[in-house]
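Listing of my_file02.csv; format and content: CSV, C-alpha atoms.
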chain,number,residue,atom,x,y,z
A,1,MET,CA,72.4,255.8,-10.8
A,2,ARG,CA,75.9,254.5,-10.2
A,3,ARG,CA,74.8,250.9,-10.5
A,4,LYS,CA,72.9,251.6,-13.7
A,5,ILE,CA,76.1,253.1,-15.2
A,6,LEU,CA,78.2,250.2,-14.1
A,7,PHE,CA,75.8,247.5,-15.4
A,8,SER,CA,75.7,249.3,-18.7
A,9,ALA,CA,79.5,249.3,-18.9
A,10,ILE,CA,79.6,245.6,-18.0
A,11,ALA,CA,77.0,244.7,-20.6
A,12,ILE,CA,78.9,246.6,-23.3
A,13,LEU,CA,82.2,245.0,-22.3
A,14,PHE,CA,80.7,241.5,-22.0
A,15,PHE,CA,79.1,241.7,-25.4
A,16,VAL,CA,82.2,243.1,-27.2
A,17,THR,CA,84.6,240.8,-25.3
A,18,SER,CA,82.6,237.7,-25.9
A,19,ALA,CA,82.2,238.4,-29.6
A,20,LYS,CA,85.8,239.1,-30.1
A,21,LEU,CA,87.0,236.1,-28.1
A,22,GLN,CA,84.7,233.8,-30.1
A,23,ASP,CA,86.0,235.4,-33.3
A,24,THR,CA,89.6,234.6,-32.1
A,25,LEU,CA,89.2,230.8,-32.8
A,26,VAL,CA,88.8,231.0,-36.5
A,27,SER,CA,88.5,227.4,-37.6
A,28,ALA,CA,89.7,223.8,-37.0
A,29,PHE,CA,90.5,221.4,-39.8
A,30,PHE,CA,90.2,217.6,-39.6
A,31,GLY,CA,93.4,217.4,-41.6
A,32,LEU,CA,94.4,213.7,-41.2
A,33,ASP,CA,92.4,210.7,-40.0
A,34,ASN,CA,94.9,208.2,-38.5
A,35,GLY,CA,97.5,209.7,-40.8
A,36,LEU,CA,100.3,210.8,-38.4
A,37,PRO,CA,102.8,208.6,-36.6
A,38,GLY,CA,102.1,208.2,-32.9
A,39,LEU,CA,105.9,208.6,-32.3
A,40,LEU,CA,105.3,212.3,-32.5
A,41,CYS,CA,103.5,212.0,-29.2
A,42,ASN,CA,105.6,209.2,-27.7
A,43,GLN,CA,103.0,206.7,-28.8
A,44,PRO,CA,105.1,204.4,-31.0
A,45,GLY,CA,103.2,201.9,-33.2
A,46,SER,CA,100.0,203.9,-33.3
A,47,LEU,CA,98.5,206.3,-35.9
A,48,LEU,CA,96.9,209.5,-34.8
A,49,ASP,CA,94.5,212.1,-36.2
A,50,GLY,CA,95.8,215.5,-37.0
A,51,MET,CA,93.8,218.7,-36.5
A,52,PRO,CA,95.2,222.2,-37.1
A,53,VAL,CA,93.3,224.7,-35.0
A,54,ASN,CA,93.6,228.3,-36.2
A,55,PHE,CA,93.5,231.5,-34.2
A,56,LYS,CA,93.2,235.1,-35.3
A,57,PHE,CA,96.0,236.3,-32.9
A,58,PRO,CA,99.3,234.7,-32.0
A,59,LEU,CA,99.5,232.4,-28.9
A,60,ASP,CA,101.8,232.4,-25.9
A,61,ALA,CA,103.7,229.1,-26.4
A,62,SER,CA,104.5,228.8,-22.7
A,63,SER,CA,100.7,228.6,-21.9
A,64,LEU,CA,100.0,225.9,-24.5
A,65,SER,CA,99.1,222.3,-23.4
A,66,GLU,CA,97.2,219.5,-24.9
A,67,THR,CA,94.8,219.7,-21.9
A,68,ASP,CA,93.8,223.2,-23.0
A,69,PHE,CA,91.5,221.5,-25.7
A,70,GLU,CA,88.6,219.2,-26.0
A,71,VAL,CA,87.3,217.9,-29.3
A,72,LEU,CA,83.6,216.8,-29.6
A,73,ASP,CA,82.7,214.2,-32.3
A,74,SER,CA,79.3,213.9,-34.0
A,75,LEU,CA,78.2,211.1,-31.5
A,76,GLY,CA,78.8,213.3,-28.5
A,77,ASN,CA,82.1,211.8,-27.4
A,78,ILE,CA,84.7,214.2,-25.9
A,79,HIS,CA,88.3,213.7,-26.8
A,80,THR,CA,91.4,215.2,-25.2
A,81,PRO,CA,94.4,215.5,-27.5
A,82,ILE,CA,97.5,213.4,-26.7
A,83,CYS,CA,99.8,216.3,-27.6
A,84,ALA,CA,99.7,219.8,-29.1
A,85,PHE,CA,102.3,221.8,-31.0
A,86,LEU,CA,102.7,225.2,-32.5
A,87,ALA,CA,105.3,223.7,-34.8
A,88,PRO,CA,105.9,223.8,-37.6
A,89,ALA,CA,104.2,227.3,-37.8
A,90,ASN,CA,106.2,228.7,-34.9
A,91,GLU,CA,108.4,231.4,-36.4
A,92,ASN,CA,108.0,235.0,-35.3
A,93,GLY,CA,104.8,236.4,-36.7
A,94,GLU,CA,103.2,233.0,-37.0
A,95,ASN,CA,102.1,231.0,-33.9
A,96,ARG,CA,98.5,231.1,-34.8
A,97,THR,CA,98.0,227.4,-35.7
A,98,VAL,CA,98.0,224.7,-33.0
A,99,LEU,CA,98.4,221.2,-34.3
A,100,LEU,CA,96.4,218.8,-32.2
A,101,LEU,CA,97.2,215.1,-32.3
A,102,GLY,CA,95.1,212.3,-30.9
A,103,GLU,CA,91.9,210.4,-31.7
A,104,PHE,CA,89.1,212.8,-32.7
A,105,GLY,CA,86.6,210.6,-34.5
A,106,THR,CA,86.3,209.0,-37.9
A,107,ALA,CA,85.9,210.6,-41.3
A,108,VAL,CA,82.3,210.4,-42.7
A,109,THR,CA,80.8,208.1,-40.0
A,110,ASN,CA,81.8,210.1,-36.9
A,111,PRO,CA,83.8,213.3,-37.7
A,112,PRO,CA,84.7,215.9,-35.1
A,113,VAL,CA,82.2,218.8,-35.0
A,114,GLU,CA,83.5,221.2,-32.3
A,115,VAL,CA,86.7,222.3,-30.7
A,116,ARG,CA,86.7,223.8,-27.2
A,117,VAL,CA,89.4,225.7,-25.2
A,118,VAL,CA,89.0,224.4,-21.6
A,119,GLY,CA,92.4,225.5,-20.1
A,120,ASP,CA,94.2,228.8,-19.6
A,121,LEU,CA,95.5,229.4,-23.1
A,122,PHE,CA,96.7,233.0,-23.6
A,123,THR,CA,97.3,235.1,-26.7
A,124,THR,CA,100.4,237.3,-26.8
A,125,ASP,CA,101.0,240.8,-28.0
A,126,THR,CA,102.0,240.9,-31.7
A,127,LEU,CA,105.5,241.8,-32.7
A,128,SER,CA,106.7,245.0,-34.2
A,129,GLY,CA,106.0,244.9,-37.9
A,130,GLU,CA,102.6,243.2,-37.7
A,131,SER,CA,99.5,245.2,-38.6
A,132,ALA,CA,97.0,242.9,-36.8
A,133,CYS,CA,97.3,244.0,-33.2
A,134,SER,CA,96.4,241.8,-30.2
A,135,GLU,CA,96.2,241.9,-26.4
A,136,ILE,CA,96.9,239.4,-23.8
A,137,ILE,CA,93.7,237.5,-23.5
A,138,ASN,CA,92.8,234.2,-21.8
A,139,LEU,CA,91.0,232.1,-24.3
A,140,ASN,CA,89.6,229.7,-21.7
A,141,GLY,CA,85.9,229.0,-22.5
A,142,ILE,CA,85.8,229.8,-26.3
A,143,ASN,CA,84.8,227.2,-28.8
A,144,SER,CA,84.4,226.7,-32.6
A,145,THR,CA,81.9,224.6,-34.4
A,146,ASN,CA,83.6,225.6,-37.7
A,147,VAL,CA,85.4,222.2,-38.1
A,148,ILE,CA,86.3,221.7,-41.7
A,149,PRO,CA,85.6,218.1,-42.9
A,150,LEU,CA,88.4,215.8,-44.0
A,151,ASP,CA,87.4,215.8,-47.6
A,152,ASP,CA,87.2,219.5,-48.0
A,153,GLY,CA,90.1,221.3,-49.6
A,154,PRO,CA,92.2,224.0,-47.8
A,155,SER,CA,91.2,227.6,-47.6
A,156,LEU,CA,92.8,230.9,-46.4
A,157,PHE,CA,92.0,232.0,-42.9
A,158,PHE,CA,94.4,234.9,-42.3
A,159,ALA,CA,96.2,237.7,-44.0
A,160,GLN,CA,98.2,240.7,-42.6
A,161,ARG,CA,100.7,243.3,-43.7
A,162,ILE,CA,104.2,242.8,-42.2
A,163,ASP,CA,107.5,244.6,-42.3
A,164,GLY,CA,110.8,245.0,-40.4
A,165,ASN,CA,112.5,241.8,-39.3
A,166,LEU,CA,109.4,239.8,-40.0
A,167,ASN,CA,109.5,240.6,-43.7
A,168,GLU,CA,111.4,237.9,-45.7
A,169,CYS,CA,110.7,239.4,-49.2
A,170,SER,CA,113.9,240.6,-50.9
A,171,LEU,CA,111.9,242.4,-53.6
A,172,GLY,CA,108.8,244.6,-53.7
A,173,THR,CA,107.4,247.5,-51.7
A,174,GLN,CA,104.9,245.7,-49.4
A,175,THR,CA,104.6,242.2,-48.0
A,176,ILE,CA,101.4,240.4,-47.1
A,177,GLN,CA,101.6,237.3,-45.0
A,178,VAL,CA,98.8,234.7,-45.6
A,179,ALA,CA,97.9,231.5,-43.7
A,180,TRP,CA,96.0,228.4,-44.7
A,181,ASN,CA,93.9,226.3,-42.3
A,182,GLY,CA,96.3,223.4,-42.9
A,183,GLY,CA,99.5,222.5,-44.6
A,184,ILE,CA,99.5,222.9,-48.4
A,185,THR,CA,101.5,221.8,-51.4
A,186,PRO,CA,101.0,222.7,-55.1
A,187,HIS,CA,98.2,220.8,-56.8
A,188,ILE,CA,99.2,221.6,-60.3
A,189,SER,CA,101.5,219.0,-61.8
A,190,GLY,CA,105.1,220.1,-62.1
A,191,ASP,CA,104.8,223.2,-59.9
A,192,THR,CA,106.9,223.7,-56.8
A,193,GLU,CA,106.0,225.9,-53.8
A,194,SER,CA,108.0,228.8,-55.2
A,195,ASP,CA,105.6,228.7,-58.3
A,196,LEU,CA,102.6,229.5,-56.2
A,197,PHE,CA,103.0,233.3,-56.1
A,198,GLN,CA,101.7,233.5,-59.7
A,199,TYR,CA,98.3,232.1,-58.6
A,200,TYR,CA,97.8,234.5,-55.7
A,201,ILE,CA,96.0,237.9,-56.4
A,202,GLY,CA,96.1,240.9,-54.1
A,203,TYR,CA,93.5,243.6,-54.5
A,204,SER,CA,93.7,247.3,-53.7
A,205,ASP,CA,90.7,249.5,-53.2
A,206,SER,CA,90.1,252.6,-55.3
A,207,SER,CA,86.8,254.3,-54.5
A,208,GLY,CA,85.1,250.9,-53.9
A,209,VAL,CA,86.6,249.3,-57.0
A,210,LEU,CA,89.0,246.4,-56.4
A,211,ILE,CA,92.1,246.5,-58.6
A,212,PRO,CA,94.0,243.2,-58.9
A,213,HIS,CA,97.8,242.9,-58.4
A,214,VAL,CA,99.9,239.8,-58.9
A,215,PRO,CA,102.8,239.4,-56.5
A,216,ILE,CA,106.3,239.4,-58.0
A,217,SER,CA,107.6,236.7,-55.7
A,218,ILE,CA,106.8,234.6,-52.7
A,219,ALA,CA,108.8,234.1,-49.5
A,220,ASP,CA,108.7,232.0,-46.3
A,221,ILE,CA,108.4,228.8,-48.3
A,222,ASN,CA,109.7,225.2,-48.1
A,223,ASP,CA,109.4,225.1,-44.3
A,224,ASN,CA,106.5,222.7,-44.2
A,225,ASP,CA,104.1,225.2,-42.5
A,226,ASN,CA,100.9,226.9,-43.5
A,227,PHE,CA,102.2,230.5,-44.0
A,228,HIS,CA,103.4,232.3,-47.1
A,229,GLN,CA,104.7,235.9,-47.6
A,230,LEU,CA,103.6,237.6,-50.8
A,231,CYS,CA,105.9,240.2,-52.2
A,232,PHE,CA,104.1,243.1,-54.1
A,233,SER,CA,105.7,245.9,-56.1
A,234,THR,CA,102.6,248.1,-56.0
A,235,SER,CA,102.5,251.1,-53.7
A,236,ASP,CA,98.7,250.8,-53.5
A,237,GLU,CA,97.5,249.3,-50.2
A,238,ILE,CA,96.5,245.6,-50.6
A,239,VAL,CA,93.2,245.0,-48.8
A,240,LYS,CA,92.2,241.5,-50.0
A,241,ILE,CA,94.0,238.3,-51.1
A,242,SER,CA,92.6,235.5,-53.2
A,243,MET,CA,93.8,232.2,-54.6
A,244,MET,CA,92.2,230.5,-57.7
A,245,ALA,CA,90.7,227.0,-57.3
A,246,ASN,CA,92.6,223.8,-57.9
A,247,THR,CA,96.0,225.4,-57.1
A,248,VAL,CA,97.1,223.9,-53.8
A,249,GLU,CA,96.2,220.7,-51.9
A,250,ASP,CA,96.2,219.5,-48.4
A,251,PRO,CA,97.9,216.3,-47.1
A,252,ASN,CA,95.0,214.3,-48.3
A,253,GLN,CA,95.5,215.6,-51.9
A,254,ASP,CA,92.2,217.5,-51.7
A,255,PRO,CA,92.4,220.6,-53.9
A,256,ASN,CA,91.3,224.1,-52.8
A,257,LEU,CA,88.2,225.8,-53.9
A,258,TYR,CA,88.4,229.5,-54.7
A,259,SER,CA,89.5,231.2,-51.5
A,260,GLU,CA,89.8,234.8,-50.4
A,261,ILE,CA,90.5,236.7,-47.2
A,262,ASP,CA,90.6,240.4,-46.2
A,263,VAL,CA,93.9,241.8,-45.0
A,264,SER,CA,93.6,242.2,-41.2
A,265,SER,CA,94.0,245.6,-39.5
A,266,CYS,CA,94.5,246.5,-35.9
A,267,THR,CA,91.3,245.9,-33.9
A,268,PRO,CA,91.9,246.3,-30.2
A,269,LEU,CA,89.7,244.4,-27.8
A,270,THR,CA,88.9,247.2,-25.5
A,271,SER,CA,86.0,249.4,-26.7
A,272,ILE,CA,84.5,250.8,-23.5
A,273,GLU,CA,84.0,254.5,-24.1
A,274,GLU,CA,86.9,256.2,-22.5
A,275,ASN,CA,86.1,259.9,-23.0
A,276,LEU,CA,83.3,260.3,-20.5
A,277,PHE,CA,85.6,262.4,-18.4
A,278,GLU,CA,89.3,263.2,-18.3
A,279,LYS,CA,91.8,260.4,-17.5
A,280,GLY,CA,93.5,262.2,-14.6
A,281,TYR,CA,94.5,258.9,-12.9
A,282,LYS,CA,97.7,257.0,-12.5
A,283,ILE,CA,97.2,253.3,-11.9
A,284,TYR,CA,100.1,251.1,-10.9
A,285,PRO,CA,101.6,248.5,-11.0
A,286,ASN,CA,100.1,247.1,-14.2
A,287,PRO,CA,100.6,244.2,-14.7
A,288,PHE,CA,99.8,243.6,-11.0
A,289,SER,CA,100.1,240.8,-8.5
A,290,ASP,CA,97.8,241.4,-5.6
A,291,GLU,CA,97.2,245.1,-5.1
A,292,ILE,CA,96.7,248.3,-7.2
A,293,PHE,CA,97.3,251.9,-6.4
A,294,VAL,CA,95.3,254.7,-8.0
A,295,GLU,CA,96.5,258.3,-7.8
A,296,ASN,CA,94.0,261.2,-8.0
A,297,LEU,CA,90.9,259.2,-7.2
A,298,LEU,CA,88.3,261.6,-5.7
A,299,VAL,CA,86.6,261.0,-2.4
A,300,ASP,CA,83.1,260.7,-4.1
A,301,GLU,CA,84.3,258.1,-6.6
A,302,TYR,CA,83.7,254.4,-6.4
A,303,PHE,CA,85.8,251.6,-8.0
A,304,ILE,CA,84.8,248.1,-9.3
A,305,ILE,CA,87.1,245.4,-10.7
A,306,TYR,CA,85.5,242.7,-12.8
A,307,ASP,CA,86.7,239.9,-15.1
A,308,LEU,CA,86.2,239.3,-18.8
A,309,LEU,CA,82.7,237.8,-18.1
A,310,GLY,CA,81.6,240.9,-16.2
A,311,GLN,CA,81.7,239.1,-12.8
A,312,ILE,CA,82.7,241.6,-10.0
A,313,ILE,CA,85.9,240.7,-8.3
A,314,THR,CA,86.0,243.5,-5.7
A,315,GLU,CA,84.4,247.0,-5.3
A,316,GLY,CA,84.3,249.8,-2.8
A,317,LYS,CA,85.6,253.3,-1.9
A,318,TYR,CA,89.3,253.8,-2.4
A,319,SER,CA,91.4,254.0,0.8
A,320,GLY,CA,95.0,254.1,-0.4
A,321,THR,CA,95.3,250.8,-2.1
A,322,ILE,CA,93.0,248.2,-3.7
A,323,LYS,CA,93.6,244.7,-2.5
A,324,VAL,CA,92.5,242.2,-5.2
A,325,PRO,CA,91.3,238.8,-4.2
A,326,GLU,CA,93.3,235.8,-5.5
A,327,THR,CA,92.3,235.1,-9.1
A,328,LYS,CA,93.9,233.5,-12.1
A,329,SER,CA,96.3,235.4,-14.4
A,330,SER,CA,94.1,237.1,-17.0
A,331,ILE,CA,92.7,240.4,-18.2
A,332,TYR,CA,90.6,242.4,-15.8
A,333,TYR,CA,88.9,245.8,-15.9
A,334,LEU,CA,88.8,248.6,-13.4
A,335,THR,CA,85.8,251.0,-13.6
A,336,ILE,CA,86.0,254.3,-11.7
A,337,LEU,CA,82.6,256.1,-11.4
A,338,ASN,CA,80.7,258.8,-9.6
A,339,ASN,CA,77.0,259.7,-9.8
A,340,THR,CA,77.2,260.8,-13.4
A,341,ASN,CA,80.3,259.5,-15.1
A,342,GLN,CA,82.5,256.5,-15.5
A,343,ILE,CA,85.8,255.4,-17.0
A,344,THR,CA,87.3,252.0,-17.5
A,345,PHE,CA,90.9,250.8,-17.6
A,346,LYS,CA,92.3,247.4,-18.6
A,347,LEU,CA,94.4,245.5,-16.0
A,348,ILE,CA,96.6,242.5,-16.4
A,349,ARG,CA,97.2,240.1,-13.5
A,350,ARG,CA,100.5,238.3,-13.6
Kindly present the structure from the file in structure tokens form.
Amino acid sequence: MRRKILFSAIAILFFVTSAKLQDTLVSAFFGLDNGLPGLLCNQPGSLLDGMPVNFKFPLDASSLSETDFEVLDSLGNIHTPICAFLAPANENGENRTVLLLGEFGTAVTNPPVEVRVVGDLFTTDTLSGESACSEIINLNGINSTNVIPLDDGPSLFFAQRIDGNLNECSLGTQTIQVAWNGGITPHISGDTESDLFQYYIGYSDSSGVLIPHVPISIADINDNDNFHQLCFSTSDEIVKISMMANTVEDPNQDPNLYSEIDVSSCTPLTSIEENLFEKGYKIYPNPFSDEIFVENLLVDEYFIIYDLLGQIITEGKYSGTIKVPETKSSIYYLTILNNTNQITFKLIRR
């Protein structure tokens, strides 16, 4: 019975975790084909492709490396970027777009079709003032086949409500941060970036009816990244953002199609049912290095520690401390169970 409960827990966790991890890499954009100077990657005299790769949650800059990524082209060739940056979208509350530079294929005849994370790239907890919560997750192993072709125009990939020190709006009652899948500039002749607010529309929801609201201004502009902050005067909660077509363009002068995005809300990764019996335990230290202590574990209860893929790291009866075999820094799960019940806790290994 105990094994049946455990495998049920692992199956639920694996399904939920895998789905959410894959959902974390939202899109990649073949933004420039031989359009960026190689000097950016200490390759003077060469021209490089540019590919913004967009994530739902912010990334830990200290874990970012060009070797974390592989790009597959339509002929089956695998390319490793020459360099990778969070810049220019590296302000607090951003850090969701990685700019990859290198050779990733050729527009039309052999474009990139897939981006893979093959190194230990970690998300980071979101800052105070952000509504879209995150957890520290190792993204190693995720991939995206949603590579936007060079000739396609830009589109929105993210929107969230922000406040506190992250809010740059000087007017209004609520601020929505939006992000595009690549850098954008105004497409309409004579407009500047500060004019774009009049083309954004935010929607509130009243009993299933979307009510449009035009922001009164726009902030976080003229810094050459893919983020804007929309300043709204309405007290109604904004749940969706849209931008009309032919309003902004990418570095190839491709205009956008109509684009819309739901405003993100907090969606924690952990969804193992935690109310099967009371949490009368104290688990420490967490984050841990090589061992864990569990207070109030009963003599007939069993423990199992497993990784994000559901692979068992260690298991047994508790005898004062749990020695954890050497594994990489990541998220792990501790399940405590007896013959009828179970409970699961998230662990973080330093």
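We find CA of Gln342 in chain A and CA of Ile312 in chain A to be spaced 15.9 Å apart.
The two atoms in question, CA of His79 in chain A and CA of Gly183 in chain A, are spaced 22.8 Å apart.
The two atoms in question, CA of Gln229 in chain A and CA of Gly50 in chain A, are spaced 24.7 Å apart.
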Report task. Compute the distance from (109.7, 225.4, -46.1) to each atom, counting all atoms listed in the file, keep the residues with any atom at most 12 Å away, and return them as a ChimeraX atom specification; use the coordinates of the file. Result -> /A:88-89,91,183-185,192-194,218-229
Requested in this report: Excluding Val324 in chain A and residues on its chain fewer than 4 positions from it, collect all residues at most 12 Å away from it, counting all atoms listed in the file, and give them as a PyMOL selection string.
Outcome: chain A and resi 288-293+303-307+312-316+328+332-334+347-349
Report task. Rank A:Val214, A:Leu100, A:Leu139, A:Ala179 by their smallest atom-to-atom distance to Asp23 in chain A, using all atoms listed in the file, and report the top residue only. Result -> A:Leu139
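Contact shell of Gln43 in chain A at 12 Å (only C-alpha atoms; same-chain neighbours under 5 positions omitted): Leu36, Pro37, Gly38, Leu48, Ile82, Cys83, Leu101 and Gly102 of chain A.
Take the candidates A:Ser46, A:Thr24, A:Asn296, A:Ser265 and check each one against Ser319 in chain A using all atoms listed in the file; the shortest distance goes to A:Asn296.
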Query raised in the report: Residues at most 10 Å from Pro81 in chain A, counting all atoms listed in the file, excluding those fewer than 3 positions away in the same chain, as a list in words?
Result: Cys41, Leu48, Asp49, Gly50, Met51, Ser65, Glu66, Thr67, Asp68, Phe69, Glu70, Val71, Ile78, Ala84, Leu99, Leu100, Leu101, Gly102, Glu103 and Phe104 of chain A
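Using all atoms listed in the file for every distance, the candidate list A:Asn92, A:Ser233, A:Ser329, A:Asn181 yields A:Ser329 as the residue closest to Leu121 in chain A.
Excluding Ser63 in chain A itself and any same-chain residue fewer than 3 positions from it, the protein and nucleic acid residues within 9 Å of it, counting only C-alpha atoms, are Leu59, Asp60, Asp68, Asp120, Leu121, Phe122 and Thr123 of chain A.
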I need the residues from that last selection saved to file as an mmCIF file, in the frame of the given file (with C-alpha atoms), if you can.
data_model
loop_
_atom_site.group_PDB
_atom_site.id
_atom_site.type_symbol
_atom_site.label_atom_id
_atom_site.label_comp_id
_atom_site.auth_asym_id
_atom_site.auth_seq_id
_atom_site.Cartn_x
_atom_site.Cartn_y
_atom_site.Cartn_z
ATOM 1 C CA LEU A 59 99.500 232.400 -28.900
ATOM 2 C CA ASP A 60 101.800 232.400 -25.900
ATOM 3 C CA ASP A 68 93.800 223.200 -23.000
ATOM 4 C CA ASP A 120 94.200 228.800 -19.600
ATOM 5 C CA LEU A 121 95.500 229.400 -23.100
ATOM 6 C CA PHE A 122 96.700 233.000 -23.600
ATOM 7 C CA THR A 123 97.300 235.100 -26.700
#
Report task. Identify the residues around (89.1, 236.6, -45.7) within a radius of 8 Å, measuring from all atoms listed in the file in the coordinates stated by the file, and give them as a list in words. Result -> Leu156, Phe157, Phe158, Ala159, Lys240, Ile241, Ser259, Glu260, Ile261, Asp262 and Val263 of chain A
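Comparing the minimum interatomic distances between Asn341 in chain A and each of A:Asp236, A:Asp195, A:Glu301, A:Asp73, counting all atoms listed in the file, we find that A:Glu301 sits nearest.
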Residues within 9 Å of range 127-134 of chain A, please, as a compact mmCIF listing (two decimals) with C-alpha atoms, keeping the file's coordinate frame. Count only C-alpha atoms; anything in the same chain fewer than 6 positions from it doesn't count.
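Saved as part17.txt:
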# COMPACT_ATOMS: atom_id res chain seq x y z
CA LYS A 56 93.20 235.10 -35.30
CA PHE A 57 96.00 236.30 -32.90
CA PRO A 58 99.30 234.70 -32.00
CA ASN A 92 108.00 235.00 -35.30
CA GLY A 93 104.80 236.40 -36.70
CA ALA A 159 96.20 237.70 -44.00
CA GLN A 160 98.20 240.70 -42.60
CA ARG A 161 100.70 243.30 -43.70
CA ILE A 162 104.20 242.80 -42.20
CA ASP A 163 107.50 244.60 -42.30
CA GLY A 164 110.80 245.00 -40.40
CA ASN A 165 112.50 241.80 -39.30
CA LEU A 166 109.40 239.80 -40.00
CA ASN A 167 109.50 240.60 -43.70
CA VAL A 263 93.90 241.80 -45.00
CA SER A 264 93.60 242.20 -41.20
CA SER A 265 94.00 245.60 -39.50
CA CYS A 266 94.50 246.50 -35.90
CA THR A 267 91.30 245.90 -33.90
CA PRO A 268 91.90 246.30 -30.20
CA LEU A 269 89.70 244.40 -27.80
